[in-house]
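A.B. asks: Next comes the structure file final-v3.cif, holding mmCIF, C-alpha atoms and all ligand atoms; chains and numbers go by the auth columns.
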```
data_work
loop_
_atom_site.group_PDB
_atom_site.id
_atom_site.type_symbol
_atom_site.label_atom_id
_atom_site.label_comp_id
_atom_site.label_asym_id
_atom_site.label_seq_id
_atom_site.Cartn_x
_atom_site.Cartn_y
_atom_site.Cartn_z
_atom_site.B_iso_or_equiv
_atom_site.auth_seq_id
_atom_site.auth_asym_id
ATOM 1 C CA MET A 1 -21.122 16.045 3.650 0.00 28 A
ATOM 2 C CA ARG A 2 -22.543 13.202 1.614 0.00 29 A
ATOM 3 C CA GLN A 3 -22.860 11.181 4.825 0.00 30 A
ATOM 4 C CA GLU A 4 -25.648 13.498 5.999 0.00 31 A
ATOM 5 C CA PHE A 5 -27.842 11.722 3.446 0.00 32 A
ATOM 6 C CA PHE A 6 -26.557 8.147 3.532 0.00 33 A
ATOM 7 C CA VAL A 7 -23.530 6.190 4.629 0.00 34 A
ATOM 8 C CA SER A 8 -21.762 5.359 1.385 0.00 35 A
ATOM 9 C CA ARG A 9 -19.193 2.598 1.263 0.00 36 A
ATOM 10 C CA GLY A 10 -15.602 3.778 1.650 0.00 37 A
ATOM 11 C CA THR A 11 -13.065 3.728 -1.169 0.00 38 A
ATOM 12 C CA LEU A 12 -10.148 1.298 -1.154 0.00 39 A
ATOM 13 C CA PHE A 13 -6.862 2.969 -2.158 0.00 40 A
ATOM 14 C CA VAL A 14 -3.857 0.781 -2.975 0.00 41 A
ATOM 15 C CA ILE A 15 -0.375 2.318 -3.090 0.00 42 A
ATOM 16 C CA SER A 16 2.708 0.439 -4.280 0.00 43 A
ATOM 17 C CA ALA A 17 6.307 1.389 -5.043 0.00 44 A
ATOM 18 C CA PRO A 18 9.726 -0.231 -5.247 0.00 45 A
ATOM 19 C CA SER A 19 11.322 -0.284 -1.792 0.00 46 A
ATOM 20 C CA GLY A 20 13.185 2.965 -1.045 0.00 47 A
ATOM 21 C CA THR A 21 11.102 5.142 -3.403 0.00 48 A
ATOM 22 C CA GLY A 22 9.655 7.137 -0.507 0.00 49 A
ATOM 23 C CA LYS A 23 6.189 5.597 -0.226 0.00 50 A
ATOM 24 C CA THR A 24 6.174 5.500 3.592 0.00 51 A
ATOM 25 C CA THR A 25 7.373 9.104 3.798 0.00 52 A
ATOM 26 C CA ILE A 26 4.676 10.275 1.365 0.00 53 A
ATOM 27 C CA LEU A 27 1.927 8.227 3.014 0.00 54 A
ATOM 28 C CA LYS A 28 2.682 9.540 6.508 0.00 55 A
ATOM 29 C CA ARG A 29 2.218 13.075 5.154 0.00 56 A
ATOM 30 C CA VAL A 30 -0.936 12.227 3.210 0.00 57 A
ATOM 31 C CA MET A 31 -2.512 10.420 6.194 0.00 58 A
ATOM 32 C CA ALA A 32 -1.783 13.422 8.428 0.00 59 A
ATOM 33 C CA GLU A 33 -3.076 15.998 5.957 0.00 60 A
ATOM 34 C CA VAL A 34 -6.165 14.374 4.424 0.00 61 A
ATOM 35 C CA PRO A 35 -9.006 13.803 6.911 0.00 62 A
ATOM 36 C CA GLY A 36 -11.022 10.589 6.840 0.00 63 A
ATOM 37 C CA LEU A 37 -8.305 8.226 5.573 0.00 64 A
ATOM 38 C CA SER A 38 -7.475 5.106 7.541 0.00 65 A
ATOM 39 C CA PHE A 39 -4.185 3.231 7.080 0.00 66 A
ATOM 40 C CA SER A 40 -4.492 -0.553 6.988 0.00 67 A
ATOM 41 C CA VAL A 41 -1.846 -1.977 9.337 0.00 68 A
ATOM 42 C CA SER A 42 -0.477 -5.141 7.717 0.00 69 A
ATOM 43 C CA HIS A 43 0.753 -8.283 9.416 0.00 70 A
ATOM 44 C CA THR A 44 4.369 -9.187 8.694 0.00 71 A
ATOM 45 C CA THR A 45 6.992 -11.739 9.669 0.00 72 A
ATOM 46 C CA ARG A 46 9.732 -9.112 9.084 0.00 73 A
ATOM 47 C CA ALA A 47 11.637 -7.952 12.179 0.00 74 A
ATOM 48 C CA PRO A 48 10.771 -4.407 13.313 0.00 75 A
ATOM 49 C CA ARG A 49 13.160 -1.633 12.226 0.00 76 A
ATOM 50 C CA ALA A 50 14.406 0.899 14.761 0.00 77 A
ATOM 51 C CA GLY A 51 11.526 3.240 15.540 0.00 78 A
ATOM 52 C CA GLU A 52 8.794 0.944 14.227 0.00 79 A
ATOM 53 C CA GLU A 53 5.930 0.246 16.607 0.00 80 A
ATOM 54 C CA ASN A 54 3.891 -2.954 16.823 0.00 81 A
ATOM 55 C CA GLY A 55 0.266 -2.257 15.900 0.00 82 A
ATOM 56 C CA VAL A 56 1.138 1.105 14.311 0.00 83 A
ATOM 57 C CA ASP A 57 3.584 0.380 11.465 0.00 84 A
ATOM 58 C CA TYR A 58 2.834 -3.346 11.309 0.00 85 A
ATOM 59 C CA HIS A 59 1.451 -6.161 13.392 0.00 86 A
ATOM 60 C CA PHE A 60 4.722 -8.088 13.844 0.00 87 A
ATOM 61 C CA VAL A 61 3.998 -11.834 14.003 0.00 88 A
ATOM 62 C CA ASP A 62 6.046 -15.017 13.739 0.00 89 A
ATOM 63 C CA ALA A 63 5.857 -17.381 10.757 0.00 90 A
ATOM 64 C CA GLY A 64 3.556 -19.813 12.618 0.00 91 A
ATOM 65 C CA ARG A 65 0.978 -17.171 13.462 0.00 92 A
ATOM 66 C CA PHE A 66 1.099 -15.809 9.911 0.00 93 A
ATOM 67 C CA ALA A 67 0.523 -19.280 8.425 0.00 94 A
ATOM 68 C CA ALA A 68 -2.401 -19.921 10.809 0.00 95 A
ATOM 69 C CA MET A 69 -4.047 -16.637 9.784 0.00 96 A
ATOM 70 C CA ARG A 70 -3.485 -17.432 6.117 0.00 97 A
ATOM 71 C CA GLU A 71 -5.033 -20.900 6.507 0.00 98 A
ATOM 72 C CA ALA A 72 -8.023 -19.383 8.325 0.00 99 A
ATOM 73 C CA GLY A 73 -8.660 -17.049 5.348 0.00 100 A
ATOM 74 C CA ALA A 74 -7.923 -13.957 7.448 0.00 101 A
ATOM 75 C CA PHE A 75 -6.130 -12.098 4.627 0.00 102 A
ATOM 76 C CA LEU A 76 -7.657 -10.071 1.810 0.00 103 A
ATOM 77 C CA GLU A 77 -4.267 -10.605 0.130 0.00 104 A
ATOM 78 C CA TRP A 78 -0.854 -11.834 1.188 0.00 105 A
ATOM 79 C CA ALA A 79 2.562 -12.209 -0.430 0.00 106 A
ATOM 80 C CA GLU A 80 6.181 -13.062 0.191 0.00 107 A
ATOM 81 C CA VAL A 81 8.177 -9.876 -0.393 0.00 108 A
ATOM 82 C CA HIS A 82 11.979 -9.598 -0.100 0.00 109 A
ATOM 83 C CA GLY A 83 12.029 -12.893 1.871 0.00 110 A
ATOM 84 C CA ASN A 84 9.322 -12.029 4.442 0.00 111 A
ATOM 85 C CA PHE A 85 5.560 -12.568 4.524 0.00 112 A
ATOM 86 C CA TYR A 86 3.098 -9.679 4.509 0.00 113 A
ATOM 87 C CA GLY A 87 -0.720 -9.742 4.610 0.00 114 A
ATOM 88 C CA THR A 88 -3.752 -7.455 4.836 0.00 115 A
ATOM 89 C CA SER A 89 -6.519 -8.255 7.327 0.00 116 A
ATOM 90 C CA LEU A 90 -9.766 -8.889 5.435 0.00 117 A
ATOM 91 C CA GLU A 91 -11.939 -8.227 8.479 0.00 118 A
ATOM 92 C CA ALA A 92 -10.381 -4.844 9.295 0.00 119 A
ATOM 93 C CA VAL A 93 -10.578 -3.605 5.691 0.00 120 A
ATOM 94 C CA GLU A 94 -14.141 -4.798 5.159 0.00 121 A
ATOM 95 C CA ALA A 95 -15.331 -3.260 8.456 0.00 122 A
ATOM 96 C CA GLY A 96 -13.767 0.088 7.540 0.00 123 A
ATOM 97 C CA LEU A 97 -15.204 0.180 4.008 0.00 124 A
ATOM 98 C CA ALA A 98 -18.667 -0.936 5.168 0.00 125 A
ATOM 99 C CA GLY A 99 -18.640 1.870 7.734 0.00 126 A
ATOM 100 C CA GLY A 100 -17.881 4.457 5.032 0.00 127 A
ATOM 101 C CA THR A 101 -14.172 4.945 5.810 0.00 128 A
ATOM 102 C CA ASP A 102 -11.626 5.290 3.006 0.00 129 A
ATOM 103 C CA ILE A 103 -8.852 2.737 3.531 0.00 130 A
ATOM 104 C CA VAL A 104 -5.241 2.947 2.306 0.00 131 A
ATOM 105 C CA LEU A 105 -3.261 -0.230 1.622 0.00 132 A
ATOM 106 C CA ASP A 106 0.526 0.063 1.351 0.00 133 A
ATOM 107 C CA ILE A 107 1.245 -3.246 -0.386 0.00 134 A
ATOM 108 C CA ASP A 108 3.482 -4.681 -3.076 0.00 135 A
ATOM 109 C CA VAL A 109 2.624 -5.417 -6.722 0.00 136 A
ATOM 110 C CA GLN A 110 1.695 -9.081 -6.038 0.00 137 A
ATOM 111 C CA GLY A 111 -0.769 -7.965 -3.351 0.00 138 A
ATOM 112 C CA CYS A 112 -2.239 -5.324 -5.640 0.00 139 A
ATOM 113 C CA ARG A 113 -2.988 -7.961 -8.280 0.00 140 A
ATOM 114 C CA GLN A 114 -4.978 -9.926 -5.692 0.00 141 A
ATOM 115 C CA VAL A 115 -6.856 -6.815 -4.561 0.00 142 A
ATOM 116 C CA ARG A 116 -7.821 -5.958 -8.162 0.00 143 A
ATOM 117 C CA ALA A 117 -9.409 -9.419 -8.430 0.00 144 A
ATOM 118 C CA ALA A 118 -11.286 -9.098 -5.118 0.00 145 A
ATOM 119 C CA ALA A 119 -12.237 -5.417 -5.417 0.00 146 A
ATOM 120 C CA PRO A 120 -12.242 -4.194 -9.028 0.00 147 A
ATOM 121 C CA ASP A 121 -13.323 -0.710 -7.904 0.00 148 A
ATOM 122 C CA ALA A 122 -10.165 -0.210 -5.809 0.00 149 A
ATOM 123 C CA VAL A 123 -8.139 2.872 -6.819 0.00 150 A
ATOM 124 C CA THR A 124 -4.526 1.924 -7.469 0.00 151 A
ATOM 125 C CA LEU A 125 -1.529 4.245 -7.417 0.00 152 A
ATOM 126 C CA PHE A 126 2.122 3.487 -8.155 0.00 153 A
ATOM 127 C CA ILE A 127 4.967 5.709 -6.987 0.00 154 A
ATOM 128 C CA VAL A 128 8.217 5.657 -8.976 0.00 155 A
ATOM 129 C CA PRO A 129 11.670 6.991 -8.107 0.00 156 A
ATOM 130 C CA PRO A 130 13.157 9.647 -10.421 0.00 157 A
ATOM 131 C CA SER A 131 16.041 7.299 -11.421 0.00 158 A
ATOM 132 C CA TRP A 132 17.719 4.001 -10.488 0.00 159 A
ATOM 133 C CA GLU A 133 20.701 5.911 -9.098 0.00 160 A
ATOM 134 C CA GLU A 134 18.465 7.949 -6.810 0.00 161 A
ATOM 135 C CA LEU A 135 16.599 4.806 -5.677 0.00 162 A
ATOM 136 C CA GLU A 136 19.911 3.206 -4.701 0.00 163 A
ATOM 137 C CA ARG A 137 20.952 6.380 -2.862 0.00 164 A
ATOM 138 C CA ARG A 138 17.684 6.501 -0.914 0.00 165 A
ATOM 139 C CA LEU A 139 17.736 2.799 0.012 0.00 166 A
ATOM 140 C CA ALA A 140 21.320 2.983 1.254 0.00 167 A
ATOM 141 C CA GLY A 141 20.805 6.426 2.797 0.00 168 A
ATOM 142 C CA ARG A 142 17.808 5.266 4.852 0.00 169 A
ATOM 143 C CA GLY A 143 20.327 3.287 6.880 0.00 170 A
ATOM 144 C CA THR A 144 17.810 0.739 8.162 0.00 171 A
ATOM 145 C CA ASP A 145 18.778 -2.256 6.036 0.00 172 A
ATOM 146 C CA ALA A 146 21.912 -4.415 5.801 0.00 173 A
ATOM 147 C CA ALA A 147 23.882 -4.270 2.516 0.00 174 A
ATOM 148 C CA ASP A 148 22.551 -7.634 1.263 0.00 175 A
ATOM 149 C CA THR A 149 18.962 -6.524 2.034 0.00 176 A
ATOM 150 C CA VAL A 150 19.540 -3.342 0.002 0.00 177 A
ATOM 151 C CA ARG A 151 20.877 -5.445 -2.901 0.00 178 A
ATOM 152 C CA LEU A 152 17.848 -7.767 -2.774 0.00 179 A
ATOM 153 C CA ARG A 153 15.412 -4.838 -2.701 0.00 180 A
ATOM 154 C CA LEU A 154 17.156 -3.161 -5.667 0.00 181 A
ATOM 155 C CA ALA A 155 17.035 -6.372 -7.692 0.00 182 A
ATOM 156 C CA ASN A 156 13.314 -6.760 -6.921 0.00 183 A
ATOM 157 C CA ALA A 157 12.682 -3.106 -7.870 0.00 184 A
ATOM 158 C CA ARG A 158 13.292 -3.906 -11.567 0.00 185 A
ATOM 159 C CA ARG A 159 10.548 -6.548 -11.515 0.00 186 A
ATOM 160 C CA GLU A 160 8.153 -4.336 -9.532 0.00 187 A
ATOM 161 C CA MET A 161 8.566 -1.425 -11.978 0.00 188 A
ATOM 162 C CA ALA A 162 7.268 -3.684 -14.745 0.00 189 A
ATOM 163 C CA ASP A 163 3.828 -3.609 -13.061 0.00 190 A
ATOM 164 C CA ALA A 164 3.537 0.211 -13.110 0.00 191 A
ATOM 165 C CA ASP A 165 1.390 0.179 -16.269 0.00 192 A
ATOM 166 C CA ARG A 166 -1.361 -1.756 -14.504 0.00 193 A
ATOM 167 C CA TYR A 167 -2.039 1.022 -11.996 0.00 194 A
ATOM 168 C CA ASP A 168 -4.690 3.747 -12.366 0.00 195 A
ATOM 169 C CA PHE A 169 -2.229 6.506 -11.386 0.00 196 A
ATOM 170 C CA VAL A 170 1.559 6.912 -11.455 0.00 197 A
ATOM 171 C CA VAL A 171 3.345 9.571 -9.382 0.00 198 A
ATOM 172 C CA VAL A 172 7.075 10.314 -9.628 0.00 199 A
ATOM 173 C CA ASN A 173 8.664 11.042 -6.257 0.00 200 A
ATOM 174 C CA ASP A 174 11.289 13.528 -7.377 0.00 201 A
ATOM 175 C CA ASP A 175 10.346 16.456 -5.188 0.00 202 A
ATOM 176 C CA LEU A 176 8.612 15.305 -1.975 0.00 203 A
ATOM 177 C CA GLU A 177 6.182 18.242 -1.768 0.00 204 A
ATOM 178 C CA ARG A 178 5.073 17.733 -5.350 0.00 205 A
ATOM 179 C CA ALA A 179 4.584 13.991 -4.845 0.00 206 A
ATOM 180 C CA VAL A 180 2.577 14.492 -1.640 0.00 207 A
ATOM 181 C CA ALA A 181 0.369 17.044 -3.431 0.00 208 A
ATOM 182 C CA ALA A 182 -0.195 14.628 -6.337 0.00 209 A
ATOM 183 C CA VAL A 183 -1.247 11.719 -4.092 0.00 210 A
ATOM 184 C CA LYS A 184 -3.568 14.020 -2.125 0.00 211 A
ATOM 185 C CA ALA A 185 -5.090 15.230 -5.403 0.00 212 A
ATOM 186 C CA VAL A 186 -5.855 11.635 -6.440 0.00 213 A
ATOM 187 C CA VAL A 187 -7.677 10.974 -3.147 0.00 214 A
ATOM 188 C CA VAL A 188 -9.682 14.187 -3.356 0.00 215 A
ATOM 189 C CA ALA A 189 -10.612 13.635 -7.022 0.00 216 A
ATOM 190 C CA GLU A 190 -11.708 10.041 -6.370 0.00 217 A
ATOM 191 C CA ARG A 191 -13.946 11.236 -3.543 0.00 218 A
ATOM 192 C CA CYS A 192 -15.698 13.522 -6.043 0.00 219 A
ATOM 193 C CA ARG A 193 -16.215 10.792 -8.618 0.00 220 A
ATOM 194 C CA HIS A 194 -19.840 10.620 -9.747 0.00 221 A
ATOM 195 C CA ARG A 195 -21.828 7.726 -8.217 0.00 222 A
ATOM 196 C CA ARG A 196 -18.751 5.966 -6.847 0.00 223 A
ATOM 197 C CA ASP A 197 -20.938 4.272 -4.199 0.00 224 A
ATOM 198 C CA ALA A 198 -22.991 2.586 -6.941 0.00 225 A
ATOM 199 C CA VAL A 199 -20.097 0.197 -7.616 0.00 226 A
ATOM 200 C CA GLY A 200 -19.036 -0.330 -4.009 0.00 227 A
ATOM 201 C CA LEU A 201 -19.633 -4.042 -3.676 0.00 228 A
ATOM 202 C CA PRO A 202 -18.526 -6.173 -0.700 0.00 229 A
ATOM 203 C CA LEU A 203 -15.113 -7.756 -1.177 0.00 230 A
ATOM 204 C CA ALA A 204 -15.248 -11.091 -2.979 0.00 231 A
ATOM 205 C CA ILE A 205 -12.193 -13.179 -2.239 0.00 232 A
ATOM 206 C CA PRO A 206 -11.584 -15.982 -4.721 0.00 233 A
ATOM 207 C CA ARG A 207 -10.993 -19.140 -2.671 0.00 234 A
ATOM 208 C CA PRO A 208 -8.619 -21.833 -3.912 0.00 235 A
HETATM 209 P P1 LIG B . 9.724 3.283 1.045 0.00 301 B
HETATM 210 O O1 LIG B . 8.620 3.320 2.063 0.00 301 B
HETATM 211 O O2 LIG B . 9.222 3.514 -0.360 0.00 301 B
HETATM 212 O O3 LIG B . 10.585 2.055 1.139 0.00 301 B
HETATM 213 P P2 LIG B . 10.903 5.518 2.553 0.00 301 B
HETATM 214 O O4 LIG B . 9.704 6.381 2.766 0.00 301 B
HETATM 215 O O5 LIG B . 11.417 4.751 3.748 0.00 301 B
HETATM 216 O O6 LIG B . 10.711 4.523 1.313 0.00 301 B
HETATM 217 O O7 LIG B . 12.057 6.472 1.964 0.00 301 B
HETATM 218 C C1 LIG B . 13.368 5.983 1.668 0.00 301 B
HETATM 219 C C2 LIG B . 14.378 7.114 1.942 0.00 301 B
HETATM 220 O O8 LIG B . 14.246 8.145 0.949 0.00 301 B
HETATM 221 C C3 LIG B . 14.179 7.790 3.303 0.00 301 B
HETATM 222 O O9 LIG B . 15.436 8.042 3.876 0.00 301 B
HETATM 223 C C4 LIG B . 13.439 9.093 2.943 0.00 301 B
HETATM 224 O O10 LIG B . 13.695 10.119 3.871 0.00 301 B
HETATM 225 C C5 LIG B . 14.014 9.426 1.567 0.00 301 B
HETATM 226 N N1 LIG B . 13.103 10.178 0.673 0.00 301 B
HETATM 227 C C6 LIG B . 11.766 9.992 0.505 0.00 301 B
HETATM 228 N N2 LIG B . 11.264 10.851 -0.429 0.00 301 B
HETATM 229 C C7 LIG B . 12.324 11.590 -0.869 0.00 301 B
HETATM 230 C C8 LIG B . 12.465 12.651 -1.847 0.00 301 B
HETATM 231 N N3 LIG B . 11.427 13.105 -2.569 0.00 301 B
HETATM 232 N N4 LIG B . 13.687 13.160 -2.020 0.00 301 B
HETATM 233 C C9 LIG B . 14.761 12.709 -1.313 0.00 301 B
HETATM 234 N N5 LIG B . 14.705 11.729 -0.379 0.00 301 B
HETATM 235 C C10 LIG B . 13.492 11.158 -0.163 0.00 301 B
HETATM 236 P P1 LIG B . 8.912 -2.900 4.166 0.00 302 B
HETATM 237 O O1 LIG B . 9.546 -4.167 4.663 0.00 302 B
HETATM 238 O O2 LIG B . 9.919 -1.982 3.501 0.00 302 B
HETATM 239 O O3 LIG B . 8.060 -2.206 5.193 0.00 302 B
HETATM 240 O O4 LIG B . 7.893 -3.343 3.009 0.00 302 B
HETATM 241 C C1 LIG B . 8.350 -4.113 1.947 0.00 302 B
HETATM 242 C C2 LIG B . 7.277 -4.224 0.885 0.00 302 B
HETATM 243 O O5 LIG B . 6.171 -4.974 1.404 0.00 302 B
HETATM 244 C C3 LIG B . 6.698 -2.877 0.424 0.00 302 B
HETATM 245 O O6 LIG B . 6.573 -2.940 -0.993 0.00 302 B
HETATM 246 C C4 LIG B . 5.332 -2.837 1.058 0.00 302 B
HETATM 247 O O7 LIG B . 4.411 -2.091 0.302 0.00 302 B
HETATM 248 C C5 LIG B . 4.969 -4.316 1.044 0.00 302 B
HETATM 249 N N1 LIG B . 3.901 -4.640 1.994 0.00 302 B
HETATM 250 C C6 LIG B . 3.668 -4.134 3.221 0.00 302 B
HETATM 251 N N2 LIG B . 2.560 -4.674 3.766 0.00 302 B
HETATM 252 C C7 LIG B . 2.070 -5.554 2.834 0.00 302 B
HETATM 253 C C8 LIG B . 0.921 -6.408 2.779 0.00 302 B
HETATM 254 O O8 LIG B . 0.104 -6.500 3.699 0.00 302 B
HETATM 255 N N3 LIG B . 0.770 -7.159 1.659 0.00 302 B
HETATM 256 C C9 LIG B . 1.642 -7.111 0.615 0.00 302 B
HETATM 257 N N4 LIG B . 1.377 -7.885 -0.457 0.00 302 B
HETATM 258 N N5 LIG B . 2.725 -6.310 0.628 0.00 302 B
HETATM 259 C C10 LIG B . 2.935 -5.536 1.721 0.00 302 B
#
```
If you took the structure in this file and wrote it as structure tokens, what would it be?
C.D. replies:
Amino acid sequence: MRQEFFVSRGTLFVISAPSGTGKTTILKRVMAEVPGLSFSVSHTTRAPRAGEENGVDYHFVDAGRFAAMREAGAFLEWAEVHGNFYGTSLEAVEAGLAGGTDIVLDIDVQGCRQVRAAAPDAVTLFIVPPSWEELERRLAGRGTDAADTVRLRLANARREMADADRYDFVVVNDDLERAVAAVKAVVVAERCRHRRDAVGLPLAIPRP
């Protein structure tokens, strides 16, 4: 409704979680059920999993292409996660926000730190598993990763959990319905925030 009066800048939502927590599952539901949200498709050097589609889940690129994009300053943020490179297209995010679209980034804790520096008004949300045992069960049960990949992701989860305190919101993914409802509530509440557009500044990327 507010767009009848003026096109306000979109809100940047950042969602992180240790691998296997259920972030992708939750986000697919939230994207389908909340109108006006656009998912930022990252670039990655990781190989596609069964069922993943190029351009939908990720833009799958080789290491050379990723490095060229990084050197050209094409990423709002980028990081090496679990042995692969991942990055968010600056141009796509900026175009969406400038056009008034709310953008969702599914990125790791290192990426979120970079986004906080570039866009202090970003809304950050961390999803946690109900327990370590359940995280291990979900990672193994997903059946998409080799045993050594699961071990690496579990080891990294301990480090990632240490960043939870830096996020604006924390949601526990115990019951899926409850977690989906909580993430949707955050989006809806942020859209109602008074004078949010007053702080919506263009992204400022610190250059080395
Ligand atoms: P992530 O994107 O965080 O790595 P996924 O969305 O791929 O995690 O979920 C990991 C596994 O856990 C999947 O098999 C998914 O179906 C399952 N899962 C997700 N949420 C729940 C939940 N609340 N309860 C039980 N299993 C879940
Ligand atoms: P997966 O390989 O399971 O899809 O993702 C592994 C991790 O990489 C997840 O924590 C996910 O949020 C993160 N990730 C995905 N895309 C990006 C990105 O563009 N930048 C950063 N920093 N992390 C990402």
A.B. asks: Show me which residues line ligand LIG 302 (chain B), defined as having an atom within 9 Å of a ligand atom where all atoms listed in the file count, and present them as JSON, numbers by chain.
C.D. replies: {"A": [42, 43, 44, 45, 46, 47, 50, 51, 67, 68, 69, 70, 71, 73, 74, 75, 76, 84, 85, 102, 103, 104, 105, 106, 107, 108, 109, 111, 112, 113, 114, 115, 116, 132, 133, 134, 135, 136, 137, 138, 139, 140, 141, 180, 187]}
A.B. asks: Could the residues of chain A that have an atom at most 12 Å from ligand LIG 301 (chain B) be listed as a tab-separated table, each with its closest atom pair and the distance in Å to one decimal, counting all atoms listed in the file and ordered by chain and ascending residue number?
C.D. replies:
```
residue	atom	partner	partner_atom	distance
A:Ile42	CA	B:LIG301	O2	10.0
A:Ser43	CA	B:LIG301	O2	8.2
A:Ala44	CA	B:LIG301	O2	5.9
A:Pro45	CA	B:LIG301	O2	6.2
A:Ser46	CA	B:LIG301	O3	3.8
A:Gly47	CA	B:LIG301	O3	3.5
A:Thr48	CA	B:LIG301	O2	3.9
A:Gly49	CA	B:LIG301	O6	3.4
A:Lys50	CA	B:LIG301	O2	3.7
A:Thr51	CA	B:LIG301	O1	3.6
A:Thr52	CA	B:LIG301	O4	3.7
A:Ile53	CA	B:LIG301	O4	6.5
A:Leu54	CA	B:LIG301	O4	8.0
A:Lys55	CA	B:LIG301	O4	8.6
A:Arg56	CA	B:LIG301	O4	10.3
A:Arg76	CA	B:LIG301	O5	10.8
A:Gly78	CA	B:LIG301	O5	11.9
A:Glu79	CA	B:LIG301	O5	11.5
A:Asp84	CA	B:LIG301	O1	11.1
A:His109	CA	B:LIG301	O3	11.8
A:Asp133	CA	B:LIG301	O1	8.8
A:Ile134	CA	B:LIG301	O1	10.2
A:Asp135	CA	B:LIG301	O2	10.4
A:Phe153	CA	B:LIG301	O2	10.5
A:Ile154	CA	B:LIG301	O2	8.2
A:Val155	CA	B:LIG301	O2	8.9
A:Pro156	CA	B:LIG301	N3	8.3
A:Pro157	CA	B:LIG301	N3	8.8
A:Ser158	CA	B:LIG301	N4	11.3
A:Glu160	CA	B:LIG301	C9	11.9
A:Glu161	CA	B:LIG301	C9	8.2
A:Leu162	CA	B:LIG301	O8	7.8
A:Glu163	CA	B:LIG301	O8	9.4
A:Arg164	CA	B:LIG301	O8	7.9
A:Arg165	CA	B:LIG301	O8	4.2
A:Leu166	CA	B:LIG301	C1	5.7
A:Ala167	CA	B:LIG301	C2	8.1
A:Gly168	CA	B:LIG301	O9	5.7
A:Arg169	CA	B:LIG301	O9	3.8
A:Gly170	CA	B:LIG301	O9	7.5
A:Thr171	CA	B:LIG301	O5	8.7
A:Asp172	CA	B:LIG301	O5	10.4
A:Val177	CA	B:LIG301	O3	10.5
A:Arg180	CA	B:LIG301	O3	9.2
A:Leu181	CA	B:LIG301	O3	10.8
A:Ala184	CA	B:LIG301	O3	10.6
A:Val198	CA	B:LIG301	N3	11.1
A:Val199	CA	B:LIG301	N3	8.7
A:Asn200	CA	B:LIG301	N3	5.0
A:Asp201	CA	B:LIG301	N3	4.8
A:Asp202	CA	B:LIG301	N3	4.4
A:Leu203	CA	B:LIG301	N3	3.6
A:Glu204	CA	B:LIG301	N3	7.4
A:Arg205	CA	B:LIG301	N3	8.3
A:Ala206	CA	B:LIG301	N3	7.3
A:Val207	CA	B:LIG301	N3	9.0
A:Ala208	CA	B:LIG301	N3	11.8
```
A.B. asks: May I ask for the distance between atom CA of A:Ala90 and atom CA of A:Arg186, given in Å to one decimal place?
C.D. replies: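 If I compute the distance from atom CA of A:Ala90 to atom CA of A:Arg186, I get 25.2 Å.
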A.B. asks: Atom CA of A:Asp89 and atom CA of A:Phe66, how far apart in Å?
C.D. replies: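 Between these atoms lies a distance of 22.0 Å.
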A.B. asks: Put a box with edges along x, y and z around all the listed atoms of stretch 110-129 of chain A, pad it by 4 Å on each side, then give me its centre and sizes in Å, one decimal, as lines of an AutoDock Vina configuration file.
C.D. replies:
```
center_x = -3.3
center_y = -3.8
center_z = 5.6
size_x = 38.7
size_y = 26.2
size_z = 15.4
```
A.B. asks: I'd like to know which of A:Ala182, A:Ile130, A:Ala212, A:Ala173 is closest to A:Val41, using only C-alpha atoms.
C.D. replies: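 Closest to A:Val41 of all the choices is A:Ile130.
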A.B. asks: Tell me, in Å to one decimal, how far atom CA of A:Cys219 is from atom CA of A:Val120.
C.D. replies: 21.4 Å
A.B. asks: From the list A:Arg178, A:Ala95, A:Met58, A:Phe40, which residue is nearest A:Asp195 when using all atoms listed in the file?
C.D. replies: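 When distances to A:Asp195 are compared using all atoms listed in the file, the smallest one comes from A:Phe40.
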A.B. asks: Which residue gives the smallest distance to A:Thr128 among A:Ala99, A:Leu179, A:Val197, A:Leu64, with only C-alpha atoms counted?
C.D. replies: A:Leu64
A.B. asks: Using the chain letters and numbers from this file, what does the PyMOL selection byres (((chain A and resi 37) around 10) and not hetatm) select? Give the answer as a ChimeraX atom specification.
C.D. replies: /A:34-36,38-40,63-64,120-130,218,223-224,227
A.B. asks: Please determine, counting all atoms listed in the file, which residue among A:Leu152, A:Ala174, A:Val131, A:Tyr194 has the shortest atom-to-atom distance to A:Val57.
C.D. replies: A:Val131
A.B. asks: Using only C-alpha atoms, can you list as JSON, numbers by chain the residues within 6 Å of (-6.0, 16.9, 2.3)?
C.D. replies: {"A": [60, 61, 211]}
A.B. asks: Using all atoms listed in the file for the distances, tell me which of A:Gly82, A:Glu98, A:Thr176, A:Arg92 is nearest to A:Gly110.
C.D. replies: A:Thr176
A.B. asks: Restricting the calculation to all atoms listed in the file: of A:Glu118, A:Val210, A:Val83, A:Ala189, which residue gets closest to A:Gly100?
C.D. replies: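 Nearest to A:Gly100: A:Glu118.
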